[in-house]
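S.K.: my_file-v5.cif is the file, holding mmCIF, C-alpha atoms:
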```cif
data_upload
#
loop_
_atom_site.label_atom_id
_atom_site.label_comp_id
_atom_site.auth_asym_id
_atom_site.auth_seq_id
_atom_site.Cartn_x
_atom_site.Cartn_y
_atom_site.Cartn_z
CA MET K 1 59.53 66.66 188.05
CA SER K 2 58.15 66.90 191.56
CA PHE K 3 58.48 64.12 194.13
CA ARG K 4 54.71 63.43 193.96
CA GLN K 5 54.84 62.99 190.15
CA PHE K 6 57.84 60.63 190.47
CA ARG K 7 56.05 58.54 193.15
CA ASN K 8 52.86 58.24 191.06
CA GLY K 9 54.86 57.12 187.99
CA ALA K 10 56.71 54.46 189.99
CA LEU K 11 53.47 53.06 191.44
CA ALA K 12 51.94 52.87 187.96
CA ALA K 13 54.96 50.97 186.58
CA ALA K 14 54.83 48.50 189.50
CA ALA K 15 51.14 47.91 188.86
CA LEU K 16 51.83 47.16 185.18
CA MET K 17 54.60 44.69 186.09
CA SER K 18 52.34 42.84 188.55
CA VAL K 19 49.58 42.58 185.96
CA GLY K 20 52.03 41.14 183.39
CA ALA K 21 53.14 38.48 185.87
CA LEU K 22 49.64 37.24 186.69
CA PRO K 23 49.23 34.78 183.77
CA ALA K 24 52.47 32.93 184.58
CA THR K 25 51.50 32.70 188.26
CA SER K 26 48.06 31.41 187.51
CA TYR K 27 49.53 28.83 185.11
CA ALA K 28 52.03 27.62 187.72
CA GLN K 29 49.23 27.17 190.27
CA GLY K 30 47.00 25.14 187.97
CA GLY K 31 44.97 28.01 186.63
CA PRO K 32 43.66 28.32 183.10
CA GLY K 33 46.82 26.79 181.69
CA GLY K 34 46.48 23.61 183.79
CA PRO K 35 49.34 21.73 185.50
CA PRO K 36 52.72 22.21 183.82
CA PRO K 37 53.71 19.51 181.33
CA VAL K 38 56.72 17.29 182.14
CA THR K 39 58.38 14.40 180.30
CA VAL K 40 57.91 11.08 182.09
CA ALA K 41 59.00 7.50 181.39
CA LYS K 42 59.24 4.06 182.92
CA PRO K 43 62.68 3.06 184.21
CA VAL K 44 64.74 0.79 181.97
CA LEU K 45 64.75 -2.84 183.11
CA ARG K 46 67.61 -4.93 181.78
CA SER K 47 69.69 -7.93 182.74
CA ILE K 48 73.20 -6.59 183.28
CA VAL K 49 76.55 -7.28 184.86
CA GLU K 50 78.00 -4.25 186.61
CA MET K 51 81.47 -3.24 185.47
CA ASP K 52 84.16 -1.84 187.75
CA GLU K 53 86.84 0.47 186.36
CA TYR K 54 90.52 0.57 187.28
CA THR K 55 93.58 2.37 185.98
CA GLY K 56 96.50 0.40 184.65
CA ARG K 57 99.30 0.29 182.12
CA PHE K 58 100.09 -1.80 179.06
CA ASP K 59 103.24 -3.89 179.16
CA ALA K 60 104.97 -6.14 176.68
CA ALA K 61 104.18 -9.84 176.85
CA ALA K 62 107.92 -10.48 176.47
CA PHE K 63 110.94 -8.18 176.80
CA VAL K 64 114.53 -9.11 175.95
CA GLU K 65 117.79 -7.21 176.39
CA ILE K 66 120.19 -8.14 173.60
CA ARG K 67 123.78 -8.50 174.85
CA ALA K 68 126.92 -9.88 173.23
CA ARG K 69 127.88 -13.41 174.33
CA VAL K 70 131.47 -12.98 173.14
CA SER K 71 133.86 -10.02 173.27
CA GLY K 72 135.07 -8.30 170.14
CA TYR K 73 134.65 -5.33 167.86
CA LEU K 74 131.19 -4.77 166.39
CA ASP K 75 131.40 -5.34 162.66
CA THR K 76 127.88 -4.94 161.16
CA VAL K 77 124.35 -3.95 162.22
CA HIS K 78 121.68 -5.74 160.15
CA PHE K 79 118.41 -3.99 161.12
CA GLN K 80 116.66 -0.64 160.94
CA ASP K 81 115.93 1.15 164.21
CA GLY K 82 112.38 0.48 165.40
CA ALA K 83 111.67 -2.23 162.82
CA MET K 84 109.73 -5.45 163.33
CA VAL K 85 111.98 -8.51 163.54
CA ASN K 86 111.28 -12.23 163.58
CA GLN K 87 112.79 -14.84 165.82
CA GLY K 88 116.14 -15.94 164.39
CA ASP K 89 116.78 -12.77 162.33
CA LEU K 90 120.43 -11.67 162.22
CA LEU K 91 120.85 -8.42 164.18
CA PHE K 92 124.60 -7.87 164.76
CA THR K 93 127.86 -9.38 163.56
CA ILE K 94 130.99 -9.23 165.74
CA ASP K 95 134.43 -9.51 164.13
CA ARG K 96 134.71 -13.27 163.73
CA ARG K 97 138.27 -13.70 162.43
CA THR K 98 139.77 -14.53 165.83
CA TYR K 99 137.02 -17.01 166.61
CA GLN K 100 137.27 -18.56 163.15
CA ALA K 101 140.98 -19.17 163.67
CA ALA K 102 140.32 -20.70 167.10
CA TYR K 103 137.68 -22.97 165.58
CA ASN K 104 140.05 -24.11 162.80
CA GLN K 105 142.75 -24.88 165.36
CA ALA K 106 140.28 -26.85 167.48
CA GLN K 107 139.21 -28.86 164.41
CA ALA K 108 142.87 -29.65 163.63
CA SER K 109 143.48 -30.80 167.19
CA LEU K 110 140.39 -32.97 166.99
CA SER K 111 141.71 -34.61 163.80
CA ILE K 112 145.04 -35.39 165.53
CA ARG K 113 143.28 -36.84 168.53
CA GLN K 114 141.05 -38.88 166.25
CA THR K 115 144.08 -40.35 164.50
CA GLU K 116 145.76 -41.19 167.81
CA PHE K 117 142.56 -42.80 169.05
CA ASP K 118 142.15 -44.91 165.91
CA LEU K 119 145.77 -46.16 166.17
CA ALA K 120 145.51 -46.94 169.88
CA LYS K 121 142.29 -48.83 169.28
CA VAL K 122 143.80 -50.98 166.52
CA GLU K 123 146.89 -51.83 168.58
CA PHE K 124 144.82 -52.65 171.65
CA GLU K 125 142.59 -55.02 169.67
CA ARG K 126 145.70 -56.67 168.06
CA TYR K 127 147.36 -57.33 171.38
CA GLN K 128 144.12 -58.71 172.75
CA ARG K 129 144.24 -61.42 170.07
CA LEU K 130 147.99 -62.05 170.57
CA THR K 131 147.58 -62.41 174.29
CA GLN K 132 144.79 -64.94 173.85
CA SER K 133 147.04 -67.06 171.58
CA GLY K 134 150.02 -66.69 173.96
CA ALA K 135 152.13 -64.70 171.49
CA ALA K 136 152.21 -61.53 173.63
CA ALA K 137 152.73 -60.84 177.31
CA ALA K 138 149.90 -59.62 179.51
CA ALA K 139 151.99 -56.62 180.58
CA THR K 140 152.16 -55.42 176.99
CA LEU K 141 148.39 -55.74 176.69
CA ASP K 142 147.98 -53.57 179.79
CA GLN K 143 150.19 -50.90 178.24
CA ARG K 144 148.11 -50.91 175.05
CA ARG K 145 144.91 -50.72 177.07
CA GLN K 146 146.28 -47.66 178.91
CA ALA K 147 147.22 -45.99 175.62
CA PHE K 148 143.75 -46.71 174.20
CA LEU K 149 141.95 -45.24 177.22
CA SER K 150 144.22 -42.17 177.17
CA ALA K 151 143.50 -41.61 173.46
CA GLN K 152 139.79 -42.05 174.15
CA SER K 153 139.88 -39.34 176.82
CA GLY K 154 141.93 -37.12 174.54
CA ILE K 155 139.40 -37.28 171.73
CA VAL K 156 136.55 -36.48 174.14
CA GLY K 157 138.44 -33.37 175.28
CA ALA K 158 139.22 -32.39 171.69
CA ARG K 159 135.59 -32.72 170.70
CA ALA K 160 134.56 -30.51 173.64
CA ALA K 161 137.14 -27.89 172.65
CA ALA K 162 135.94 -27.97 169.06
CA GLU K 163 132.31 -27.59 170.17
CA SER K 164 133.25 -24.67 172.44
CA SER K 165 135.06 -22.89 169.64
CA ARG K 166 132.13 -23.57 167.30
CA LEU K 167 129.71 -21.98 169.78
CA ALA K 168 131.99 -18.96 170.24
CA LEU K 169 132.13 -18.56 166.48
CA SER K 170 128.31 -18.77 166.21
CA PHE K 171 127.94 -16.18 168.99
CA THR K 172 129.62 -13.62 166.76
CA GLU K 173 126.26 -13.53 164.95
CA VAL K 174 123.70 -12.02 167.34
CA ARG K 175 120.19 -13.16 166.38
CA ALA K 176 116.72 -12.20 167.64
CA PRO K 177 115.54 -14.58 170.39
CA ILE K 178 111.87 -13.52 169.98
CA SER K 179 109.69 -11.81 167.39
CA GLY K 180 108.66 -8.23 168.08
CA ARG K 181 109.62 -4.59 167.68
CA ILE K 182 113.28 -3.78 168.09
CA SER K 183 114.61 -0.58 169.62
CA ARG K 184 117.48 1.49 168.23
CA LYS K 185 121.06 0.24 168.13
CA LEU K 186 122.83 1.29 171.32
CA VAL K 187 126.34 0.54 169.98
CA THR K 188 127.63 1.64 166.59
CA GLU K 189 129.97 -0.30 164.34
CA GLY K 190 133.64 -0.31 165.30
CA ASN K 191 133.11 -0.22 169.06
CA LEU K 192 134.34 -2.91 171.40
CA VAL K 193 131.59 -4.96 173.00
CA ARG K 194 132.22 -7.08 176.06
CA GLU K 195 130.84 -10.52 176.73
CA ASN K 196 127.57 -10.47 178.74
CA GLU K 197 128.07 -6.78 179.61
CA THR K 198 127.45 -4.54 176.62
CA LEU K 199 123.75 -3.88 175.94
CA LEU K 200 123.24 -3.77 172.19
CA THR K 201 119.46 -3.17 171.93
CA THR K 202 116.11 -4.42 173.23
CA ILE K 203 113.12 -6.25 171.72
CA VAL K 204 109.52 -6.19 172.96
CA GLN K 205 106.78 -8.55 171.89
CA VAL K 206 103.81 -6.46 170.75
CA ASP K 207 101.24 -9.14 169.88
CA PRO K 208 99.68 -10.06 172.21
CA VAL K 209 100.10 -7.25 174.75
CA HIS K 210 99.50 -7.37 178.51
CA PHE K 211 97.64 -4.89 180.70
CA TYR K 212 98.50 -4.78 184.44
CA PHE K 213 96.26 -3.15 187.04
CA ASP K 214 95.71 -3.25 190.81
CA ILE K 215 92.45 -3.65 192.73
CA ASP K 216 91.97 -2.68 196.35
CA GLU K 217 91.54 -5.21 199.11
CA ARG K 218 87.84 -4.47 199.61
CA SER K 219 87.06 -5.03 195.94
CA TYR K 220 89.09 -8.23 195.91
CA LEU K 221 87.12 -9.60 198.88
CA SER K 222 83.85 -8.64 197.17
CA TYR K 223 84.89 -10.50 194.02
CA GLN K 224 85.89 -13.52 196.07
CA ARG K 225 82.47 -13.67 197.72
CA ILE K 226 80.69 -13.32 194.38
CA ALA K 227 82.82 -16.11 192.94
CA LYS K 228 82.07 -18.28 195.96
CA GLN K 229 78.36 -17.84 195.26
CA GLY K 230 78.89 -18.93 191.66
CA GLY K 231 78.68 -15.45 190.20
CA ASN K 232 80.69 -13.81 187.45
CA SER K 233 83.53 -11.61 188.68
CA SER K 234 87.21 -10.92 188.18
CA SER K 235 88.09 -13.57 190.74
CA GLY K 236 85.67 -16.21 189.47
CA GLY K 237 86.61 -19.49 187.83
CA SER K 238 90.31 -20.30 187.80
CA ASN K 239 91.42 -16.98 189.33
CA GLY K 240 89.30 -15.17 186.76
CA ARG K 241 91.16 -16.58 183.75
CA GLY K 242 89.25 -16.15 180.51
CA LEU K 243 86.94 -13.44 181.89
CA ALA K 244 86.09 -10.86 179.22
CA VAL K 245 87.33 -7.31 179.94
CA SER K 246 87.71 -4.11 177.92
CA VAL K 247 90.07 -1.14 177.97
CA MET K 248 89.67 2.55 177.16
CA LEU K 249 92.74 4.64 176.32
CA THR K 250 93.30 8.16 177.64
CA ASP K 251 91.98 9.81 174.45
CA GLU K 252 88.96 7.55 174.02
CA LYS K 253 85.39 7.86 175.30
CA THR K 254 84.33 4.21 175.22
CA PHE K 255 85.84 0.84 176.12
CA THR K 256 86.68 -0.36 172.62
CA HIS K 257 89.58 -2.77 173.12
CA LYS K 258 88.45 -6.28 174.10
CA GLY K 259 90.57 -8.80 175.97
CA VAL K 260 90.48 -11.48 178.63
CA LEU K 261 91.79 -11.73 182.18
CA ASP K 262 94.59 -14.30 182.37
CA PHE K 263 96.40 -13.78 185.68
CA THR K 264 95.71 -12.94 189.32
CA ASP K 265 98.62 -12.67 191.72
CA ASN K 266 98.97 -15.15 194.58
CA ARG K 267 99.15 -12.61 197.41
CA VAL K 268 97.95 -9.15 198.45
CA ASP K 269 100.70 -6.54 198.53
CA THR K 270 101.09 -5.71 202.21
CA ALA K 271 102.63 -2.33 201.46
CA THR K 272 99.74 -1.05 199.31
CA GLY K 273 96.89 -3.41 200.25
CA THR K 274 96.23 -4.18 196.57
CA MET K 275 96.12 -7.26 194.37
CA ARG K 276 97.86 -7.30 190.97
CA LEU K 277 95.84 -8.58 187.98
CA ARG K 278 96.68 -8.92 184.30
CA ALA K 279 94.67 -9.01 181.08
CA VAL K 280 95.85 -9.99 177.60
CA PHE K 281 94.80 -8.27 174.36
CA ASP K 282 95.29 -9.11 170.70
CA ASN K 283 97.38 -6.43 169.04
CA LYS K 284 97.76 -7.44 165.42
CA ASP K 285 97.65 -3.83 164.25
CA GLN K 286 100.32 -2.94 166.86
CA PHE K 287 98.24 0.02 168.03
CA LEU K 288 98.50 -0.80 171.75
CA THR K 289 102.02 0.20 172.71
CA PRO K 290 103.69 -1.05 175.92
CA GLY K 291 103.79 1.76 178.48
CA LEU K 292 100.42 3.34 177.60
CA PHE K 293 97.98 4.15 180.40
CA GLY K 294 94.34 3.08 180.19
CA ARG K 295 91.17 2.32 182.12
CA ILE K 296 89.97 -1.26 182.26
CA ALA K 297 86.40 -2.39 182.90
CA VAL K 298 86.02 -5.76 184.60
CA PRO K 299 82.80 -7.56 185.64
CA GLY K 300 82.09 -6.68 189.26
CA SER K 301 78.76 -8.37 189.96
CA PRO K 302 76.70 -11.41 189.05
CA GLN K 303 74.11 -11.00 186.30
CA TYR K 304 70.84 -9.56 187.60
CA GLN K 305 67.78 -7.53 186.58
CA ALA K 306 68.65 -3.86 187.09
CA VAL K 307 66.43 -0.78 187.35
CA MET K 308 68.05 2.20 185.59
CA VAL K 309 67.16 5.86 185.07
CA PRO K 310 69.02 8.79 183.48
CA ASP K 311 71.13 10.97 185.72
CA GLU K 312 69.00 13.93 184.62
CA ALA K 313 66.06 12.47 186.53
CA ILE K 314 67.93 12.26 189.86
CA LEU K 315 67.91 15.15 192.33
CA THR K 316 70.06 15.64 195.41
CA ASP K 317 68.98 17.02 198.76
CA LEU K 318 71.84 17.23 201.24
CA ASP K 319 72.94 13.62 201.77
CA ARG K 320 70.10 11.86 199.95
CA ARG K 321 69.04 11.35 196.36
CA TYR K 322 65.51 11.12 195.05
CA VAL K 323 63.35 11.16 191.96
CA TYR K 324 59.85 12.48 191.24
CA VAL K 325 57.28 9.73 190.70
CA VAL K 326 53.97 10.60 189.01
CA GLY K 327 50.86 8.84 190.28
CA ASP K 328 47.17 8.90 189.37
CA GLY K 329 45.77 12.25 188.25
CA GLY K 330 49.24 13.72 187.75
CA ALA K 331 50.09 13.78 191.47
CA VAL K 332 53.84 13.93 192.12
CA GLN K 333 55.75 12.62 195.10
CA GLN K 334 59.40 12.38 196.04
CA ARG K 335 60.88 8.88 196.08
CA PRO K 336 64.24 8.48 197.91
CA ILE K 337 66.62 6.13 196.08
CA ARG K 338 70.06 4.58 196.51
CA THR K 339 72.12 4.71 193.36
CA GLY K 340 74.92 2.56 192.00
CA SER K 341 77.30 2.72 189.07
CA ARG K 342 76.61 3.80 185.48
CA THR K 343 75.81 1.39 182.66
CA ASP K 344 75.14 2.55 179.08
CA ASN K 345 74.95 6.11 180.44
CA TYR K 346 72.13 5.13 182.83
CA ARG K 347 72.39 5.25 186.61
CA ILE K 348 71.57 1.98 188.37
CA VAL K 349 68.98 2.35 191.14
CA ARG K 350 69.74 -0.19 193.86
CA GLU K 351 66.89 0.75 196.20
CA GLY K 352 63.72 2.86 195.95
CA LEU K 353 62.30 1.82 192.56
CA LYS K 354 60.81 -1.46 191.35
CA GLY K 355 60.69 -0.53 187.66
CA ASP K 356 56.95 -0.07 187.16
CA GLU K 357 56.85 3.54 188.37
CA THR K 358 56.45 6.61 186.17
CA VAL K 359 59.45 8.89 186.74
CA VAL K 360 59.83 12.53 185.72
CA ILE K 361 62.69 12.77 183.21
CA ASN K 362 62.50 16.36 181.98
CA GLY K 363 60.89 19.46 183.47
CA LEU K 364 61.90 18.87 187.09
CA GLN K 365 61.87 22.58 187.80
CA ARG K 366 58.16 22.74 186.88
CA VAL K 367 57.13 20.16 189.47
CA ARG K 368 57.31 22.65 192.35
CA LEU K 369 55.56 25.33 190.30
CA GLY K 370 52.65 22.97 189.69
CA GLY K 371 51.85 22.61 193.36
CA GLY K 372 52.26 18.84 193.33
CA LYS K 373 50.38 18.35 190.05
CA VAL K 374 51.79 17.91 186.55
CA THR K 375 50.66 16.95 183.08
CA PRO K 376 52.68 13.83 182.19
CA MET K 377 54.08 13.50 178.67
CA PRO K 378 55.07 9.81 178.35
CA VAL K 379 58.08 8.73 176.31
CA GLU K 380 59.94 5.44 176.04
CA LEU K 381 63.57 5.43 177.15
CA PRO K 382 66.07 3.89 174.70
CA GLN K 383 68.35 1.01 175.65
CA VAL K 384 71.37 3.33 175.56
CA TRP K 385 70.90 6.83 176.96
CA ASN K 386 72.17 9.74 174.87
CA GLY K 387 70.60 12.57 176.83
CA LEU K 388 67.36 14.52 176.71
CA MET K 389 67.99 15.64 173.12
CA SER K 390 67.59 12.03 171.98
CA LEU K 391 63.99 11.82 173.25
CA PRO K 392 61.11 12.58 170.87
CA GLN K 393 59.56 15.90 171.84
CA PRO K 394 56.06 15.18 173.23
CA ALA K 395 53.09 17.14 171.85
CA ALA K 396 51.45 19.62 174.23
CA PRO K 397 47.76 19.20 175.24
CA GLY K 398 45.20 20.36 172.68
CA GLY K 399 47.64 20.22 169.75
CA GLN K 400 49.68 23.12 171.08
CA ALA K 401 53.40 23.52 170.42
CA PRO K 402 55.75 21.16 172.27
CA ALA K 403 56.63 22.18 175.79
CA LYS K 404 60.09 23.63 176.15
#
```
Now that the file is in, can you turn its structure into structure tokens?
M.R.:
Amino acid sequence: MSFRQFRNGALAAAALMSVGALPATSYAQGGPGGPPPVTVAKPVLRSIVEMDEYTGRFDAAAFVEIRARVSGYLDTVHFQDGAMVNQGDLLFTIDRRTYQAAYNQAQASLSIRQTEFDLAKVEFERYQRLTQSGAAAAATLDQRRQAFLSAQSGIVGARAAAESSRLALSFTEVRAPISGRISRKLVTEGNLVRENETLLTTIVQVDPVHFYFDIDERSYLSYQRIAKQGGNSSSGGSNGRGLAVSVMLTDEKTFTHKGVLDFTDNRVDTATGTMRLRAVFDNKDQFLTPGLFGRIAVPGSPQYQAVMVPDEAILTDLDRRYVYVVGDGGAVQQRPIRTGSRTDNYRIVREGLKGDETVVINGLQRVRLGGGKVTPMPVELPQVWNGLMSLPQPAAPGGQAPAK
């Protein structure tokens, strides 16, 4: 093939390609096909309370370290590792023979002291009567009074010793101070445990369960100002107590666990510049385990009428965000907006929209091709946004197939 033949073939192919592209170009410029169709809708208007999210950790409402209150050899363990126990359940038994003997001896000493006291009391009362009748000397009465008071002190001491030995004997049975889930036994039978030193196991209360999280100083000040204005925030009311909150675990997609705020610390941590807050959650199914991480959503604004649009309708140009608003005759213009947080998968528009505009939802790339003109296909946005696939596909003009 000569160079001239190759050049003529290439020019012919280019001409065919340009001819094939003409219909699309004429359609994009408002030719026979008309302005390109786009999906449009009114923004969602709803009364909402904005929610702020923070990371925190679940913690037990109560935590107890079980230690022996008397020394001795561990005799019996009465629970299964990891089981649920109730307050007062017997957990451990320490060899009680030594303490039983000490208790018996203390009871015997108490009986002796009781007998001595009873005798001293009878003699003292007898000599009181004899002295009044002149049959006994006053010095003898003083001696009997001294013996009575000594016996009285002796019985008080004996009763204290008996009570002490009784307590020591009862401490050989280690019982659960709270209800909750018990850990494993840390000491096996036959080992020596020491008074107030040896850790036997731990118990955590699992219902209810607490959730601790920190908020930054700026957020805390914002909540304080909202509360001062009578709004609803995590610092409103009595330090936010009773405010409804919700938590999402690390493997969840929604905030499903409902609780209430019940504690706000009394000072800002100067080292971190944060304020510690706590929420309480019912945990009857024991699913929320102390130590788990989660994200908590707390009310961060007063209730107000919000304007919301899907994120798909928002475009970004350098440092600003905007949407396409469709006016009369299908004319499109850019509308700069200032966005806020997300609610029900919608983006809150703080500035730029009033709520009565018609906003382009789908087909944003066709707006430029239409030369500022589009064919609007109105749809109604649902209360909870699930994406463009959830919208009913609008019919094209003239009964044509839906625009893709």
S.K.: Please evaluate the PyMOL selection byres ((chain K and resi 66) around 12) against the structure above and give the resulting residues as a PyMOL selection string.
M.R.: chain K and resi 63-65+67-69+90-92+173-178+182-187+193+195-204
S.K.: Could you dump the residues just selected with C-alpha atoms as a JSON list (two decimals), in the frame of the given file?
M.R.:
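out_16.json written:
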```
[["chain", "number", "residue", "atom", "x", "y", "z"],
["K", 63, "PHE", "CA", 110.94, -8.18, 176.80],
["K", 64, "VAL", "CA", 114.53, -9.11, 175.95],
["K", 65, "GLU", "CA", 117.79, -7.21, 176.39],
["K", 67, "ARG", "CA", 123.78, -8.50, 174.85],
["K", 68, "ALA", "CA", 126.92, -9.88, 173.23],
["K", 69, "ARG", "CA", 127.88, -13.41, 174.33],
["K", 90, "LEU", "CA", 120.43, -11.67, 162.22],
["K", 91, "LEU", "CA", 120.85, -8.42, 164.18],
["K", 92, "PHE", "CA", 124.60, -7.87, 164.76],
["K", 173, "GLU", "CA", 126.26, -13.53, 164.95],
["K", 174, "VAL", "CA", 123.70, -12.02, 167.34],
["K", 175, "ARG", "CA", 120.19, -13.16, 166.38],
["K", 176, "ALA", "CA", 116.72, -12.20, 167.64],
["K", 177, "PRO", "CA", 115.54, -14.58, 170.39],
["K", 178, "ILE", "CA", 111.87, -13.52, 169.98],
["K", 182, "ILE", "CA", 113.28, -3.78, 168.09],
["K", 183, "SER", "CA", 114.61, -0.58, 169.62],
["K", 184, "ARG", "CA", 117.48, 1.49, 168.23],
["K", 185, "LYS", "CA", 121.06, 0.24, 168.13],
["K", 186, "LEU", "CA", 122.83, 1.29, 171.32],
["K", 187, "VAL", "CA", 126.34, 0.54, 169.98],
["K", 193, "VAL", "CA", 131.59, -4.96, 173.00],
["K", 195, "GLU", "CA", 130.84, -10.52, 176.73],
["K", 196, "ASN", "CA", 127.57, -10.47, 178.74],
["K", 197, "GLU", "CA", 128.07, -6.78, 179.61],
["K", 198, "THR", "CA", 127.45, -4.54, 176.62],
["K", 199, "LEU", "CA", 123.75, -3.88, 175.94],
["K", 200, "LEU", "CA", 123.24, -3.77, 172.19],
["K", 201, "THR", "CA", 119.46, -3.17, 171.93],
["K", 202, "THR", "CA", 116.11, -4.42, 173.23],
["K", 203, "ILE", "CA", 113.12, -6.25, 171.72],
["K", 204, "VAL", "CA", 109.52, -6.19, 172.96]]
```
S.K.: Given the choices K:Asp311, K:Val332, K:Phe124, K:Phe263, which gets closest to K:Leu388 if the distance is worked out from only C-alpha atoms?
M.R.: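 Smallest separation from K:Leu388 among the options: K:Asp311.
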S.K.: Do you know which residues are at most 9 Å from stretch 117-120 of chain K counting all atoms listed in the file, after dropping those on the same chain fewer than 5 positions away, and could you put them as an MDAnalysis selection string?
M.R.: chainID K and resid 112 125 144:145 147:155
S.K.: Measuring between all atoms listed in the file, which one of K:Tyr324, K:Thr270, K:Gln105, K:Ile296 shows the shortest distance to K:Thr256?
M.R.: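 Counting all atoms listed in the file, the residue closest to K:Thr256 is K:Ile296.
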S.K.: Quick check, in Å to one decimal: how far apart do atom CA of K:Gly363 and atom CA of K:Thr39 lie?
M.R.: 6.5 Å
S.K.: Which residue out of K:Leu169, K:Ala136, K:Ala297, K:Val38 has the minimum interatomic distance to K:Ile215 when only C-alpha atoms are used?
M.R.: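 Once distances to K:Ile215 are computed over only C-alpha atoms, the minimum belongs to K:Ala297.
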S.K.: Compare K:Gly242, K:Gly330, K:Gly273, K:Pro290 by their minimum atom-to-atom distance to K:Pro208, counting all atoms listed in the file, and give me the closest one.
M.R.: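 Ranked by minimum distance to K:Pro208, first place goes to K:Pro290.
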S.K.: Which of these, K:Phe211, K:Phe293, K:Tyr220, K:Phe287, has the shortest distance to K:Val260 once you count all atoms listed in the file?
M.R.: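 Closest to K:Val260, using all atoms listed in the file: K:Phe211.
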S.K.: Can you pull out the residues contacting K:Glu351? Cut-off 10 Å, using all atoms listed in the file, and skip same-chain residues under 2 positions away; I want them as a PyMOL selection string.
M.R.: chain K and resi 307+336-340+348-349+353-354
S.K.: Output the selection as a PDB file, in the frame of the given file - C-alpha atoms for each residue.
M.R.:
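Saved file out26.pdb follows:
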```pdb
ATOM      1  CA  VAL K 307      66.430  -0.780 187.350  1.00  0.00           C
ATOM      2  CA  PRO K 336      64.240   8.480 197.910  1.00  0.00           C
ATOM      3  CA  ILE K 337      66.620   6.130 196.080  1.00  0.00           C
ATOM      4  CA  ARG K 338      70.060   4.580 196.510  1.00  0.00           C
ATOM      5  CA  THR K 339      72.120   4.710 193.360  1.00  0.00           C
ATOM      6  CA  GLY K 340      74.920   2.560 192.000  1.00  0.00           C
ATOM      7  CA  ILE K 348      71.570   1.980 188.370  1.00  0.00           C
ATOM      8  CA  VAL K 349      68.980   2.350 191.140  1.00  0.00           C
ATOM      9  CA  LEU K 353      62.300   1.820 192.560  1.00  0.00           C
ATOM     10  CA  LYS K 354      60.810  -1.460 191.350  1.00  0.00           C
TER      11      LYS K 354
END
```
S.K.: Work out how far atom CA of K:Gly259 is from atom CA of K:Ser222, in Å to one decimal.
M.R.: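 Separation of atom CA of K:Ser222 and atom CA of K:Gly259: 22.2 Å.
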S.K.: Which residues, named as in the file, does the PyMOL selection byres ((chain K and resi 387) around 12) pick out? Answer as an MDAnalysis selection string.
M.R.: chainID K and resid 309:313 344:346 361:362 381:386 388:392
S.K.: Near stretch 49-57 of chain K, counting all atoms listed in the file, which residues have an atom at most 6 Å away, once you skip same-chain residues fewer than 4 positions from it, shown as a PDB file with C-alpha atoms, keeping the file's coordinate frame?
M.R.:
```pdb
ATOM      1  CA  PHE K 211      97.640  -4.890 180.700  1.00  0.00           C
ATOM      2  CA  TYR K 212      98.500  -4.780 184.440  1.00  0.00           C
ATOM      3  CA  PHE K 213      96.260  -3.150 187.040  1.00  0.00           C
ATOM      4  CA  GLY K 291     103.790   1.760 178.480  1.00  0.00           C
ATOM      5  CA  LEU K 292     100.420   3.340 177.600  1.00  0.00           C
ATOM      6  CA  PHE K 293      97.980   4.150 180.400  1.00  0.00           C
ATOM      7  CA  GLY K 294      94.340   3.080 180.190  1.00  0.00           C
ATOM      8  CA  ARG K 295      91.170   2.320 182.120  1.00  0.00           C
ATOM      9  CA  ILE K 296      89.970  -1.260 182.260  1.00  0.00           C
ATOM     10  CA  ALA K 297      86.400  -2.390 182.900  1.00  0.00           C
ATOM     11  CA  VAL K 298      86.020  -5.760 184.600  1.00  0.00           C
ATOM     12  CA  PRO K 299      82.800  -7.560 185.640  1.00  0.00           C
ATOM     13  CA  GLY K 300      82.090  -6.680 189.260  1.00  0.00           C
ATOM     14  CA  SER K 301      78.760  -8.370 189.960  1.00  0.00           C
ATOM     15  CA  PRO K 302      76.700 -11.410 189.050  1.00  0.00           C
ATOM     16  CA  GLN K 303      74.110 -11.000 186.300  1.00  0.00           C
TER      17      GLN K 303
END
```
S.K.: So which residues get picked by the PyMOL selection byres ((chain K and resi 93) around 7) here, written as number ranges by chain?
M.R.: K: 74-77, 92, 94-95, 172-174
S.K.: List as a PDB file with C-alpha atoms, in the coordinates of the input the protein and nucleic acid residues near K:Gln333, meaning an atom at most 9 Å away when only C-alpha atoms are counted, but skip any in the same chain fewer than 6 places from it.
M.R.:
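Now in part_23.pdb:
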```
ATOM      1  CA  VAL K 323      63.350  11.160 191.960  1.00  0.00           C
ATOM      2  CA  TYR K 324      59.850  12.480 191.240  1.00  0.00           C
ATOM      3  CA  VAL K 325      57.280   9.730 190.700  1.00  0.00           C
ATOM      4  CA  VAL K 326      53.970  10.600 189.010  1.00  0.00           C
ATOM      5  CA  GLY K 327      50.860   8.840 190.280  1.00  0.00           C
ATOM      6  CA  GLY K 372      52.260  18.840 193.330  1.00  0.00           C
TER       7      GLY K 372
END
```
S.K.: As a VMD selection string, please: the residues near K:Gln305 (cut-off 9 Å, all atoms listed in the file, same-chain neighbours under 3 positions excluded).
M.R.: chain K and resid 45 to 49
S.K.: Please indicate the distance in Å from atom CA of K:Val360 to atom CA of K:Glu380, rounded to one decimal place.
M.R.: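 So the answer is 12.0 Å.
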S.K.: Of the candidates K:Asn191, K:Ala158, K:Gly88, K:Gly352, which shows the shortest atom-to-atom distance to K:Glu116, using all atoms listed in the file?
M.R.: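 Between K:Asn191, K:Ala158, K:Gly88, K:Gly352, the residue approaching K:Glu116 most closely is K:Ala158.
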S.K.: Within 8 Å of (152.4, -57.8, 171.0) (file coordinates; all atoms listed in the file), which protein or nucleic acid residues are there? I'd like them as a PyMOL selection string.
M.R.: chain K and resi 126-127+130-131+135-137+140-141
